[in-house]
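Student: My questions all concern the structure below.
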Amino acid sequence: MVSNSKRPPIERVAVATAIAVTVVLALGSFALSFSALWDIATEIWPQRELSWIAPVLIDGTILQATISLVAAAGDPTPARRRFFWLLLAVAAAISISGNALHAYVTGTGSLSPVAAVIGGTIPPAFLLLSTHGLVLLIRPNDRRTAAEPSEGDLAGVALPSVEVGAPTVLADAEVDQVEERAVNEYLEPARHLREQTNSVTETPTIARILWLADNKPSLSRRAIATDVNVHHNTVTRILEAWAEYAPVYWEAERVGELAPA
C-alpha cells in the first residue's frame, strides 16, 4: 500500500487541503443537524441534559456506516455490505426527517413551510456527503499487488550476486502458456461450481474468473469481465457463489485426500 508520502508534493497539498475543507464542512453540518435534532429529541425526552444523546446516535451512525461501507468495499460477502447500506439509509432518513420537522415546527419568519423544510434538510444531507467524501480521501487508493514488494520490504535484504548478462524476456506466447497452465488448475473447482449453480457460463471462463480474482486482486470486477468477455454482473454472480461454495468444495477435497485408497 502506498502511503501519502509517496504522492507528488502538489497532490499531497491538494489532498491535505481537500481533507481540511471536508472536515470543516462535516463539523458545520454536524453542528447544525445536532442542534435541530436535539430540539426535536427534547420534545420526546424532556430531560435536555440527556436528550443530546439522540442526535449523537443518529448522526454518529451515519459516520460509522459510511466508514464501514468503505472498509467493506472489497468484502466478497454481499450481505455485510447490504447491512451497512441499510444502516446508512435508515440513519440518513431519520436525520433528514428530523431536521425537516424541526424547520417546519419552529417557524422561519418570512419563509414558506416548504422552503423551511428544504433548508432544514441541507445540514444532514451535507453531513452524509462530506463524511463519505472524507473517508474516501483518507483511504489510500493506490494498492500494490501481493507479488510487488515495497522499498521498505527490500531494505536490509542481502541479494545474491549474479552475473550481468542479457535479460531474460519471455515471449508473449510463453507468457500465455504459463498463464494457461495456472488457469487450468482452476478447471476442476470451476466445473464443480458450474454444476452447483447451473451456470450457463463455460467452465474455462469460470476458471479464468476465479484465477484472476485470486491472482490479480487489483483488478475490478468490470476489468475481469472485460478480460473474459462477459458482463460484469456475471462475474459478480460467479465470485459471490464461489465465496459461499469454496469452503464446502475445499473441505470435500481435503476429506477425499485423507480417505484411504
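Residues are named by chain letter and number: chains run A, B, ... in the order of the C-alpha cells, numbers start at 1 in each chain, and ligands are numbered from 1 in the order shown.
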Which neighbours of Leu187 (chain A) fall inside 12 Å, counting only C-alpha atoms, when residues of the same chain fewer than 4 positions from it are skipped, and could you give them as a ChimeraX atom specification?

Tutor: /A:180-183,191-194,202-211

Student: At a cut-off of 8 Å, using only C-alpha atoms, what residues contact region 38-49 of chain A? Leave out same-chain residues fewer than 6 positions from it and give the result as a list in words.

Tutor: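 Surrounding residues, per the criterion: Pro55, Gly98 and His102 of chain A.
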
Student: Neighbours of Leu87 (chain A) within 9 Å (only C-alpha atoms; same-chain residues fewer than 3 positions away dropped), as an MDAnalysis selection string?

Tutor: chainID A and resid 61:62 65 82:84 90:92

Student: Determine which residues of region 201-233 of chain A receive a DSSP assignment of helix (DSSP H, G or I), computed from the backbone, and state them as number ranges by chain.

Tutor: A: 203-215, 221-228, 232-233

Student: CA of Ile122 (chain A) to CA of Ser33 (chain A): how many Å, to one decimal?

Tutor: 8.8 Å

Student: If I take CA of Thr236 (chain A) and CA of Leu63 (chain A), how far is one from the other in Å, to one decimal?

Tutor: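 Separation of CA of Thr236 (chain A) and CA of Leu63 (chain A): 27.4 Å.
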
Student: Record the distance separating CA of Thr22 (chain A) and CA of Gln64 (chain A), expressed in Å with one decimal.

Tutor: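 CA of Gln64 (chain A) lies at a distance of 16.5 Å from CA of Thr22 (chain A).
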
Student: Which residue is closest to Thr66 (chain A)? Choose from A:Ala252, A:Leu37, A:Leu127, A:Ala14 and count only C-alpha atoms.

Tutor: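 Nearest to Thr66 (chain A): A:Leu127.
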